[in-house]
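Q: What follows is data30.cif, made up of mmCIF, C-alpha atoms (C1' of nucleotides):
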data_protein
loop_
_atom_site.label_atom_id
_atom_site.label_comp_id
_atom_site.auth_asym_id
_atom_site.auth_seq_id
_atom_site.Cartn_x
_atom_site.Cartn_y
_atom_site.Cartn_z
CA MET A 939 81.84 83.31 203.79
CA GLN A 940 78.36 81.95 204.31
CA GLU A 941 76.61 81.25 207.57
CA THR A 942 75.38 77.74 208.05
CA LEU A 943 74.33 75.46 210.83
CA CYS A 944 77.45 73.80 212.14
CA GLN A 945 79.00 72.38 215.25
CA GLN A 946 79.92 75.15 217.61
CA THR A 947 83.10 74.54 219.54
CA HIS A 948 81.71 75.42 222.90
CA TYR A 949 83.76 73.83 225.62
CA THR A 950 82.34 73.16 229.01
CA ASP A 951 85.79 72.31 230.36
CA HIS A 952 87.94 75.34 229.81
CA MET A 953 91.21 73.88 230.95
CA GLU A 954 93.97 76.46 230.92
CA ASP A 955 97.33 75.90 229.31
CA GLU A 956 100.70 77.64 229.53
CA VAL A 957 99.76 79.98 226.70
CA ASP A 958 96.76 81.27 228.62
CA ARG A 959 99.10 82.16 231.45
CA LEU A 960 101.62 83.62 229.04
CA VAL A 961 99.04 85.85 227.37
CA ALA A 962 97.62 86.98 230.71
CA ALA A 963 101.13 87.90 231.83
CA TRP A 964 101.76 89.99 228.73
CA ARG A 965 98.45 91.80 229.11
CA ARG A 966 99.48 92.70 232.64
CA GLU A 967 103.03 93.75 231.75
CA ARG A 968 102.41 95.31 228.34
CA PRO A 969 98.76 96.43 228.21
CA ASP A 970 99.75 98.70 225.32
CA LEU A 971 100.41 95.71 223.02
CA ASP A 972 97.91 93.48 221.23
CA VAL A 973 99.24 90.00 221.86
CA GLU A 974 96.38 88.14 220.22
CA PRO A 975 98.69 86.49 217.65
CA LEU A 976 100.35 84.53 220.44
CA GLU A 977 97.09 82.72 221.19
CA VAL A 978 97.55 80.78 217.98
CA LEU A 979 101.23 80.75 217.15
CA SER A 980 102.68 80.18 220.60
CA ARG A 981 100.40 77.20 220.90
CA VAL A 982 101.64 75.87 217.59
CA SER A 983 105.27 76.16 218.65
CA ARG A 984 104.76 74.68 222.07
CA LEU A 985 102.61 71.84 220.82
CA ALA A 986 105.28 70.99 218.27
CA ARG A 987 107.86 70.72 221.03
CA HIS A 988 105.60 68.47 223.06
CA LEU A 989 105.02 66.30 220.02
CA ASP A 990 108.72 66.08 219.39
CA ARG A 991 109.34 64.78 222.88
CA ALA A 992 106.50 62.29 222.61
CA ARG A 993 107.79 61.04 219.28
CA ARG A 994 111.32 60.65 220.58
CA LEU A 995 109.90 58.38 223.24
CA ALA A 996 107.70 56.40 220.87
CA PHE A 997 110.50 55.85 218.37
CA SER A 998 113.04 54.80 220.96
CA GLU A 999 111.25 51.42 221.07
CA HIS A 1000 112.24 50.96 217.46
CA GLN A 1001 115.78 52.36 217.84
CA LEU A 1002 114.88 55.27 215.60
CA GLU A 1003 115.42 59.00 216.05
CA PRO A 1004 112.76 61.43 214.86
CA TRP A 1005 115.07 62.74 212.13
CA GLU A 1006 115.65 59.22 210.87
CA PHE A 1007 111.92 58.61 210.75
CA ASP A 1008 111.38 61.79 208.75
CA VAL A 1009 113.83 60.80 206.04
CA LEU A 1010 112.85 57.14 205.84
CA THR A 1011 109.13 57.85 205.61
CA SER A 1012 109.63 60.51 202.96
CA LEU A 1013 111.25 57.85 200.82
CA ARG A 1014 108.65 55.26 201.77
CA ARG A 1015 105.80 57.52 200.68
CA ALA A 1016 107.41 58.07 197.31
CA GLY A 1017 106.49 54.50 196.39
CA ALA A 1018 108.65 51.92 194.64
CA PRO A 1019 111.52 52.15 193.94
CA TYR A 1020 111.56 54.34 197.04
CA GLN A 1021 114.00 56.96 195.89
CA LEU A 1022 114.19 60.76 195.95
CA SER A 1023 116.84 63.39 195.38
CA PRO A 1024 118.35 65.15 198.40
CA GLY A 1025 116.64 68.31 197.16
CA GLN A 1026 113.21 66.69 197.29
CA LEU A 1027 114.00 65.47 200.78
CA LEU A 1028 114.79 69.05 201.79
CA THR A 1029 111.35 70.37 200.93
CA GLN A 1030 109.75 67.52 202.82
CA THR A 1031 111.79 67.77 205.98
CA LEU A 1032 112.51 71.53 206.12
CA VAL A 1033 116.16 71.21 207.02
CA THR A 1034 119.20 72.75 205.34
CA SER A 1035 121.23 70.99 202.70
CA GLY A 1036 124.18 70.53 205.02
CA THR A 1037 121.94 68.78 207.51
CA MET A 1038 120.51 66.51 204.86
CA THR A 1039 123.92 65.47 203.58
CA ASN A 1040 124.84 64.57 207.13
CA ARG A 1041 121.61 62.61 207.63
CA ILE A 1042 122.06 60.64 204.44
CA ASP A 1043 125.63 59.81 205.46
CA ARG A 1044 124.51 58.44 208.79
CA LEU A 1045 121.57 56.49 207.39
CA THR A 1046 123.87 55.00 204.78
CA LYS A 1047 126.26 53.83 207.48
CA LYS A 1048 123.33 52.16 209.22
CA GLY A 1049 122.33 50.42 206.02
CA LEU A 1050 118.88 52.01 205.86
CA VAL A 1051 119.42 54.00 202.65
CA GLU A 1052 121.92 54.04 199.80
CA ARG A 1053 123.16 56.72 197.43
CA LEU A 1054 122.93 56.25 193.67
CA PRO A 1055 124.09 58.57 190.89
CA ASP A 1056 121.19 60.30 189.14
CA PRO A 1057 121.23 58.95 185.58
CA SER A 1058 119.63 62.09 184.17
CA ASP A 1059 121.76 64.73 185.91
CA ARG A 1060 125.36 64.15 186.73
CA ARG A 1061 125.31 66.81 189.45
CA GLY A 1062 122.62 64.95 191.24
CA VAL A 1063 122.21 61.94 193.46
CA LEU A 1064 119.30 59.70 194.30
CA VAL A 1065 118.72 58.34 197.76
CA ARG A 1066 117.09 54.95 197.89
CA LEU A 1067 115.53 53.07 200.78
CA THR A 1068 116.96 49.63 201.48
CA PRO A 1069 114.56 46.78 202.27
CA GLU A 1070 115.48 47.07 205.94
CA GLY A 1071 114.91 50.79 205.84
CA ARG A 1072 111.50 50.22 204.41
CA ASP A 1073 110.55 47.77 207.14
CA ARG A 1074 111.74 50.10 209.86
CA ALA A 1075 109.73 52.95 208.41
CA ASP A 1076 106.57 50.87 208.25
CA GLU A 1077 106.88 49.66 211.81
CA ALA A 1078 107.53 53.09 213.24
CA LEU A 1079 104.66 54.67 211.33
CA ALA A 1080 102.12 52.33 212.88
CA GLY A 1081 103.40 53.23 216.34
CA LEU A 1082 103.33 56.93 215.62
CA LEU A 1083 99.76 56.86 214.36
CA ALA A 1084 98.60 55.09 217.50
CA GLN A 1085 100.22 57.73 219.67
CA GLU A 1086 98.82 60.59 217.62
CA ARG A 1087 95.33 59.15 217.78
CA ALA A 1088 95.55 59.18 221.55
CA ILE A 1089 96.57 62.82 221.59
CA LEU A 1090 93.79 63.79 219.19
CA ALA A 1091 91.13 61.96 221.21
CA GLN A 1092 90.58 65.35 222.87
CA LEU A 1093 88.71 66.41 219.73
CA SER A 1094 85.71 65.06 217.86
CA ARG A 1095 86.17 64.06 214.26
CA PRO A 1096 84.56 67.24 212.89
CA GLN A 1097 86.72 69.32 215.20
CA ARG A 1098 89.82 67.60 213.90
CA ALA A 1099 88.72 68.31 210.35
CA GLU A 1100 88.10 71.93 211.20
CA LEU A 1101 91.47 72.24 212.89
CA ALA A 1102 93.22 70.70 209.90
CA ALA A 1103 91.48 73.12 207.54
CA LEU A 1104 92.43 76.16 209.60
CA LEU A 1105 96.02 75.04 209.85
CA ARG A 1106 96.16 74.44 206.13
CA ARG A 1107 95.43 78.08 205.52
CA LEU A 1108 98.53 78.99 207.51
CA THR A 1109 100.87 76.38 206.07
CA ALA A 1110 99.85 76.74 202.44
CA PRO A 1111 101.54 80.12 201.90
CA PHE A 1112 104.83 78.72 203.20
CA ASP A 1113 104.56 75.54 201.15
CA ASN A 1114 103.61 77.23 197.89
CA VAL A 1115 106.19 80.00 197.49
CA PRO A 1116 109.91 79.86 196.82
CA GLY A 1117 110.57 80.87 200.46
CA MET B 129 78.03 70.02 222.46
CA GLN B 130 75.23 72.25 221.20
CA GLU B 131 74.50 73.29 217.66
CA THR B 132 74.29 77.00 217.00
CA LEU B 133 74.55 79.40 214.16
CA CYS B 134 78.18 80.13 213.62
CA GLN B 135 80.69 80.97 210.96
CA GLN B 136 81.35 77.99 208.80
CA THR B 137 84.91 77.63 207.61
CA HIS B 138 84.06 77.07 204.02
CA TYR B 139 86.96 77.97 201.82
CA THR B 140 86.49 78.85 198.22
CA ASP B 141 90.24 78.74 197.68
CA HIS B 142 91.33 75.27 198.63
CA MET B 143 95.04 75.79 198.27
CA GLU B 144 96.95 72.58 198.83
CA ASP B 145 99.92 72.27 201.13
CA GLU B 146 102.67 69.70 201.57
CA VAL B 147 100.60 67.77 204.08
CA ASP B 148 97.83 67.26 201.53
CA ARG B 149 100.41 65.72 199.24
CA LEU B 150 101.89 63.71 202.10
CA VAL B 151 98.53 62.31 203.11
CA ALA B 152 97.60 61.48 199.52
CA ALA B 153 100.90 59.64 199.14
CA TRP B 154 100.29 57.54 202.25
CA ARG B 155 96.79 56.64 201.11
CA ARG B 156 98.26 55.41 197.86
CA GLU B 157 101.13 53.49 199.45
CA ARG B 158 99.43 52.28 202.59
CA PRO B 159 95.68 52.13 201.90
CA ASP B 160 95.38 49.79 204.86
CA LEU B 161 96.28 52.54 207.35
CA ASP B 162 94.13 55.39 208.64
CA VAL B 163 96.44 58.39 208.42
CA GLU B 164 93.88 61.00 209.46
CA PRO B 165 95.93 62.04 212.51
CA LEU B 166 98.60 63.41 210.19
CA GLU B 167 96.18 66.00 208.82
CA VAL B 168 96.43 67.84 212.10
CA LEU B 169 99.72 66.92 213.72
CA SER B 170 101.99 66.99 210.68
CA ARG B 171 100.67 70.46 209.98
CA VAL B 172 101.48 71.52 213.50
CA SER B 173 105.05 70.24 213.24
CA ARG B 174 105.69 71.70 209.83
CA LEU B 175 104.16 75.05 210.68
CA ALA B 176 106.34 75.24 213.76
CA ARG B 177 109.44 74.75 211.64
CA HIS B 178 108.34 77.45 209.22
CA LEU B 179 107.71 79.78 212.14
CA ASP B 180 111.11 79.03 213.56
CA ARG B 181 112.78 80.02 210.33
CA ALA B 182 110.71 83.18 210.05
CA ARG B 183 111.53 84.14 213.61
CA ARG B 184 115.21 83.56 213.10
CA LEU B 185 115.06 86.06 210.28
CA ALA B 186 112.98 88.60 212.18
CA PHE B 187 115.24 88.50 215.22
CA SER B 188 118.45 88.80 213.27
CA GLU B 189 117.64 92.51 212.89
CA HIS B 190 117.94 92.78 216.64
CA GLN B 191 120.99 90.51 216.96
CA LEU B 192 118.92 88.01 218.87
CA GLU B 193 118.58 84.26 218.45
CA PRO B 194 115.18 82.62 218.97
CA TRP B 195 116.41 80.85 222.06
CA GLU B 196 117.62 84.12 223.53
CA PHE B 197 114.25 85.67 222.87
CA ASP B 198 112.48 82.81 224.61
CA VAL B 199 114.45 83.20 227.80
CA LEU B 200 114.45 86.99 227.90
CA THR B 201 110.72 87.30 227.31
CA SER B 202 109.93 84.67 229.91
CA LEU B 203 111.69 86.86 232.43
CA ARG B 204 110.13 90.03 231.04
CA ARG B 205 106.63 88.62 231.42
CA ALA B 206 107.27 87.75 235.04
CA GLY B 207 107.15 91.47 235.84
CA ALA B 208 109.48 93.46 238.08
CA PRO B 209 111.97 92.51 239.37
CA TYR B 210 112.11 90.27 236.28
CA GLN B 211 113.46 87.15 237.88
CA LEU B 212 112.65 83.44 237.75
CA SER B 213 114.31 80.22 238.80
CA PRO B 214 115.90 78.02 236.13
CA GLY B 215 113.20 75.47 236.85
CA GLN B 216 110.45 77.93 236.06
CA LEU B 217 112.25 78.80 232.85
CA LEU B 218 112.27 75.10 231.92
CA THR B 219 108.51 74.76 232.00
CA GLN B 220 108.15 77.87 229.89
CA THR B 221 110.69 77.00 227.23
CA LEU B 222 110.40 73.18 227.16
CA VAL B 223 114.11 72.49 227.06
CA THR B 224 116.18 70.27 229.34
CA SER B 225 118.01 71.50 232.39
CA GLY B 226 121.41 71.17 230.73
CA THR B 227 120.27 73.33 227.88
CA MET B 228 118.95 75.98 230.23
CA THR B 229 122.17 76.14 232.23
CA ASN B 230 124.04 76.66 228.99
CA ARG B 231 121.63 79.38 227.88
CA ILE B 232 121.90 81.24 231.15
CA ASP B 233 125.69 81.08 230.94
CA ARG B 234 125.72 82.61 227.49
CA LEU B 235 123.16 85.29 228.27
CA THR B 236 125.15 86.20 231.36
CA LYS B 237 128.30 86.65 229.28
CA LYS B 238 126.35 88.96 227.00
CA GLY B 239 125.17 90.99 229.98
CA LEU B 240 121.48 90.36 229.34
CA VAL B 241 120.78 88.39 232.51
CA GLU B 242 122.52 87.78 235.83
CA ARG B 243 122.49 84.93 238.31
CA LEU B 244 121.58 85.60 241.95
CA PRO B 245 121.46 83.18 244.88
CA ASP B 246 117.90 82.33 245.91
CA PRO B 247 117.53 83.79 249.43
CA SER B 248 114.93 81.19 250.42
CA ASP B 249 116.66 78.05 249.12
CA ARG B 250 120.41 77.72 249.12
CA ARG B 251 120.31 75.06 246.39
CA GLY B 252 118.51 77.42 244.11
CA VAL B 253 119.37 80.30 241.86
CA LEU B 254 117.38 83.19 240.49
CA VAL B 255 117.93 84.54 237.01
CA ARG B 256 117.32 88.24 236.63
CA LEU B 257 116.97 90.35 233.53
CA THR B 258 119.37 93.28 233.25
CA PRO B 259 118.01 96.64 232.03
CA GLU B 260 119.60 96.03 228.64
CA GLY B 261 118.06 92.57 228.52
CA ARG B 262 114.69 94.08 229.21
CA ASP B 263 115.02 96.59 226.41
CA ARG B 264 116.12 93.95 223.93
CA ALA B 265 113.16 91.76 224.85
CA ASP B 266 110.69 94.60 224.40
CA GLU B 267 112.07 95.59 221.00
CA ALA B 268 112.09 92.06 219.67
CA LEU B 269 108.58 91.34 220.87
CA ALA B 270 107.12 94.21 218.88
CA GLY B 271 108.82 92.93 215.76
CA LEU B 272 107.65 89.39 216.33
CA LEU B 273 104.03 90.42 216.80
CA ALA B 274 104.06 92.35 213.54
CA GLN B 275 105.37 89.33 211.70
CA GLU B 276 102.88 86.98 213.31
CA ARG B 277 99.99 89.28 212.46
CA ALA B 278 101.00 89.08 208.81
CA ILE B 279 101.01 85.29 208.89
CA LEU B 280 97.62 85.18 210.62
CA ALA B 281 96.05 87.57 208.14
CA GLN B 282 94.99 84.42 206.30
CA LEU B 283 92.28 83.98 208.92
CA SER B 284 89.42 86.11 210.17
CA ARG B 285 89.35 87.06 213.81
CA PRO B 286 86.70 84.45 214.71
CA GLN B 287 88.68 81.83 212.84
CA ARG B 288 91.77 82.71 214.83
CA ALA B 289 89.79 82.41 218.05
CA GLU B 290 88.43 79.05 216.96
CA LEU B 291 91.89 77.82 216.03
CA ALA B 292 93.30 78.93 219.37
CA ALA B 293 90.52 77.12 221.23
CA LEU B 294 91.05 73.89 219.33
CA LEU B 295 94.79 74.00 219.89
CA ARG B 296 94.28 74.65 223.58
CA ARG B 297 92.49 71.34 223.92
CA LEU B 298 95.59 69.61 222.59
CA THR B 299 98.19 71.55 224.58
CA ALA B 300 96.36 71.57 227.90
CA PRO B 301 96.94 67.88 228.68
CA PHE B 302 100.68 68.35 228.13
CA ASP B 303 100.84 71.53 230.18
CA ASN B 304 98.80 70.25 233.11
CA VAL B 305 100.41 66.93 233.97
CA PRO B 306 103.82 66.08 235.45
CA GLY B 307 104.94 64.87 232.01
"C1'" DC C 1054 119.90 65.14 265.73
"C1'" DC C 1055 120.78 61.94 261.85
"C1'" DC C 1056 119.77 59.50 257.94
"C1'" DA C 1057 117.09 58.57 253.89
"C1'" DT C 1058 114.78 60.40 250.32
"C1'" DG C 1059 113.82 63.83 247.12
"C1'" DA C 1060 114.39 68.14 244.56
"C1'" DA C 1061 116.95 71.82 242.02
"C1'" DT C 1062 120.74 72.85 239.44
"C1'" DC C 1063 124.98 72.07 237.10
"C1'" DT C 1064 128.60 69.26 234.46
"C1'" DT C 1065 129.98 66.56 230.76
"C1'" DG C 1066 130.42 64.30 226.33
"C1'" DA C 1067 128.32 62.90 222.20
"C1'" DG C 1068 125.77 64.11 218.47
"C1'" DA C 1069 122.83 67.14 215.45
"C1'" DT C 1070 121.91 71.53 213.24
"C1'" DC C 1071 122.89 75.64 210.85
"C1'" DG C 1072 125.08 79.04 207.63
"C1'" DA C 1073 128.41 80.07 204.43
"C1'" DG C 1074 131.17 78.86 201.02
"C1'" DA C 1075 133.25 75.28 197.70
"C1'" DT C 1076 132.68 72.21 193.76
"C1'" DA C 1077 130.76 70.26 189.78
"C1'" DT C 1078 127.45 70.21 186.30
"C1'" DA C 1079 123.36 72.44 183.60
"C1'" DT C 1080 121.25 75.96 181.26
"C1'" DT C 1081 120.79 80.35 179.13
"C1'" DT C 1082 122.49 84.24 176.44
"C1'" DG C 1083 124.86 86.82 173.19
"C1'" DC D 1105 130.35 78.09 171.05
"C1'" DA D 1106 131.93 80.66 175.13
"C1'" DA D 1107 130.73 83.17 179.10
"C1'" DA D 1108 127.68 84.08 182.57
"C1'" DT D 1109 124.38 82.51 185.56
"C1'" DA D 1110 121.80 79.01 187.97
"C1'" DT D 1111 121.28 74.56 190.28
"C1'" DA D 1112 122.49 70.38 193.15
"C1'" DT D 1113 125.12 68.71 196.49
"C1'" DC D 1114 128.80 68.60 199.71
"C1'" DT D 1115 132.39 70.45 203.18
"C1'" DC D 1116 133.53 72.70 207.32
"C1'" DG D 1117 133.51 75.08 211.68
"C1'" DA D 1118 130.75 76.96 215.31
"C1'" DT D 1119 126.98 76.31 218.07
"C1'" DC D 1120 123.26 74.30 220.25
"C1'" DT D 1121 120.85 70.50 222.26
"C1'" DC D 1122 120.10 66.37 224.76
"C1'" DA D 1123 120.61 62.54 228.19
"C1'" DA D 1124 122.68 60.92 232.09
"C1'" DG D 1125 124.82 61.47 236.09
"C1'" DA D 1126 127.04 64.37 239.82
"C1'" DT D 1127 126.45 67.80 243.34
"C1'" DT D 1128 124.29 70.42 246.80
"C1'" DC D 1129 120.83 71.36 249.81
"C1'" DA D 1130 115.93 70.63 251.80
"C1'" DT D 1131 112.66 67.85 254.38
"C1'" DG D 1132 110.49 64.33 257.21
"C1'" DG D 1133 110.65 60.08 260.12
"C1'" DG D 1134 112.84 57.74 263.77
#
So, in terms of structure tokens, how does the structure I just supplied come out?

A:
Amino acid sequence: MQETLCQQTHYTDHMEDEVDRLVAAWRRERPDLDVEPLEVLSRVSRLARHLDRARRLAFSEHQLEPWEFDVLTSLRRAGAPYQLSPGQLLTQTLVTSGTMTNRIDRLTKKGLVERLPDPSDRRGVLVRLTPEGRDRADEALAGLLAQERAILAQLSRPQRAELAALLRRLTAPFDNVPG
Amino acid sequence: MQETLCQQTHYTDHMEDEVDRLVAAWRRERPDLDVEPLEVLSRVSRLARHLDRARRLAFSEHQLEPWEFDVLTSLRRAGAPYQLSPGQLLTQTLVTSGTMTNRIDRLTKKGLVERLPDPSDRRGVLVRLTPEGRDRADEALAGLLAQERAILAQLSRPQRAELAALLRRLTAPFDNVPG
DNA sequence: CCCATGAATCTTGAGATCGAGATATATTTG
DNA sequence: CAAATATATCTCGATCTCAAGATTCATGGG
């Protein structure tokens, strides 16, 4: 780790959040414990819940639920012919197999995806985006990005890059092991 | 924003994660879009799901569900006599009022909390931790902190502080407005 | 004092998630 | 080649969550 000249994140406005209050409360009630980990991970969990609410709102304009968006965009990103196995969808969306079966069923009923037999493995199935599914995914993505940009306006571009890099170090171990 | 000498987050090991692959896929499929926001916010959402799974595992040793932990520790942090209104519990746990009523019902049946009339407002209720509830919260917290420390070992202490500060700037707007 | 407005909590019904186990097919091993 | 093991997906039942609306009480103006 080398020292270099870089942007210091030195905030003049130190606005408190719920986690500051939460940590202060623990230090008062349990001064014997080191609750430093909560400074990072409680913020991650709470921010994710806030984002989930915000997304639910943003998607409701497009008649899409967040879980529908997750599946449709996973297929969209795969590129033509826009198909993945349920197993690949699992690693992208981090839900259980039972949940994914259920999601595919419902999206099929809505005409946004279709199930095809996997030609190379008779156990398997491929899930393919329909043209309508593709359009819905594209529309919703544009809306989501606009919303996310507004939330991230709190940070400068280098700060966002720094934040992304720090988060990557935490997510990578989860994403790169069997677990 | 001043420039100072500080630790540069310059990683020799640039381990990829799912979000790197996700972003690369979008740039290939939708080169017209700027997907930079996903670098931060998709990592936040995915990390939160990984944490949720890890917590579920950690708490199962104590026969506690994550949602039970959230409610019990909110009350524990409040300090003696360990009581809060359902409304206060809402802002701490970010669930809807219907969900909270349900949670309080179930925790009451398990003998971990009890409902008392609010002496200063006859509409209101106070939820109080029972002695057993308090013990369960304290045990589970110790276990959670140990697990979180292991996850955060990927970062140095100043990196953790930096990460917490950056996240605070994103959570504060959510935590400090009516929304 | 009474009514209108607002706030805090609870009720309800629909829908989504999880975990565990079932089923069918692949792959490896002896 | 047969048996054992592993993999991919689905089924099922129990919870858990949410959104919307109902209920109960507080508060302020007339």

Q: Listed atoms of region 1059-1072 of chain C, axis-aligned box, 3 Å per side: centre and edge lengths to one decimal in Å, as JSON?

A:
{"center_x": 122.1, "center_y": 71.0, "center_z": 227.4, "size_x": 22.6, "size_y": 22.1, "size_z": 45.5}

Q: Report as a PDB file with C-alpha atoms (C1' of nucleotides), keeping the file's coordinate frame the set of chain D residues whose atoms approach chain B to within 12 Å, with distances computed over all atoms listed in the file.

A:
ATOM      1  C1'  DT D1119     126.980  76.310 218.070  1.00  0.00           C
ATOM      2  C1'  DC D1120     123.260  74.300 220.250  1.00  0.00           C
ATOM      3  C1'  DT D1121     120.850  70.500 222.260  1.00  0.00           C
ATOM      4  C1'  DC D1122     120.100  66.370 224.760  1.00  0.00           C
ATOM      5  C1'  DA D1123     120.610  62.540 228.190  1.00  0.00           C
ATOM      6  C1'  DA D1124     122.680  60.920 232.090  1.00  0.00           C
ATOM      7  C1'  DG D1125     124.820  61.470 236.090  1.00  0.00           C
ATOM      8  C1'  DT D1127     126.450  67.800 243.340  1.00  0.00           C
ATOM      9  C1'  DT D1128     124.290  70.420 246.800  1.00  0.00           C
ATOM     10  C1'  DC D1129     120.830  71.360 249.810  1.00  0.00           C
ATOM     11  C1'  DA D1130     115.930  70.630 251.800  1.00  0.00           C
TER      12       DA D1130
END

Q: Within 10 Å of chain A, which residues of chain C show up when using only C-alpha atoms (C1' of nucleotides), listed as a VMD selection string?

A: chain C and resid 1069 to 1072 1077 to 1079

Q: Evaluate the PyMOL selection byres ((chain D and resi 1132) around 12) on the structure here and hand back the selected residues as a list in words.

A: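 Those residues are DC1055, DC1056, DA1057, DT1058 and DG1059 of chain C; DA1130, DT1131, DG1133 and DG1134 of chain D.
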
Q: For a cut-off of 10 Å around (92.5, 76.8, 209.0), file coordinates, pick out all residues using only C-alpha atoms (C1' of nucleotides) and list them as a CSV table (one decimal) with C-alpha atoms, keeping the file's coordinate frame.

A:
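Once everything was written out, this is result_36.csv:
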chain,number,residue,atom,x,y,z
A,1099,ALA,CA,88.7,68.3,210.4
A,1100,GLU,CA,88.1,71.9,211.2
A,1101,LEU,CA,91.5,72.2,212.9
A,1102,ALA,CA,93.2,70.7,209.9
A,1103,ALA,CA,91.5,73.1,207.5
A,1104,LEU,CA,92.4,76.2,209.6
A,1105,LEU,CA,96.0,75.0,209.8
A,1106,ARG,CA,96.2,74.4,206.1
A,1107,ARG,CA,95.4,78.1,205.5
A,1108,LEU,CA,98.5,79.0,207.5
A,1109,THR,CA,100.9,76.4,206.1
A,1110,ALA,CA,99.8,76.7,202.4
B,137,THR,CA,84.9,77.6,207.6
B,138,HIS,CA,84.1,77.1,204.0
B,139,TYR,CA,87.0,78.0,201.8
B,280,LEU,CA,97.6,85.2,210.6
B,282,GLN,CA,95.0,84.4,206.3
B,283,LEU,CA,92.3,84.0,208.9
B,284,SER,CA,89.4,86.1,210.2
B,287,GLN,CA,88.7,81.8,212.8
B,288,ARG,CA,91.8,82.7,214.8
B,290,GLU,CA,88.4,79.0,217.0
B,291,LEU,CA,91.9,77.8,216.0

Q: Report, in Å to a single decimal, how far apart CA of Ser980 (chain A) and CA of Val305 (chain B) are.

A: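 Calculated distance between CA of Val305 (chain B) and CA of Ser980 (chain A) is 19.0 Å.
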
Q: Compile the contact shell of region 183-187 of chain B as a PyMOL selection string: residues with an atom at most 9 Å away, counting only C-alpha atoms (C1' of nucleotides), same-chain residues fewer than 2 positions apart removed.

A: chain B and resi 178-181+189-194+197+268+271-272+275

Q: Work out how far C1' of DG1083 (chain C) is from C1' of DA1107 (chain D), in Å to one decimal.

A: 9.1 Å

Q: Report, in Å to a single decimal, how far apart CA of Ile232 (chain B) and CA of Thr201 (chain B) are.

A: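 Interatomic distance here is 13.3 Å.
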
Q: Got a sec to resolve the PyMOL selection byres ((chain B and resi 167) around 8) on this structure and send the residues as a ChimeraX atom specification?

A: /A:1099,1102 /B:147-148,151,163-166,168-171

Q: Find the residue from A:Arg1044, A:Met953, A:Arg1015, A:Ala1091 that sits nearest to Pro159 (chain B); use all atoms listed in the file when measuring.

A: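 Once distances to Pro159 (chain B) are computed over all atoms listed in the file, the minimum belongs to A:Arg1015.
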
Q: From the set A:Ile1089, A:Leu1050, A:Leu1022, A:Leu1064, which residue has the shortest atom-to-atom contact distance to chain B, counting only C-alpha atoms?

A: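 The shortest atom-to-atom distance to chain B comes from A:Ile1089.
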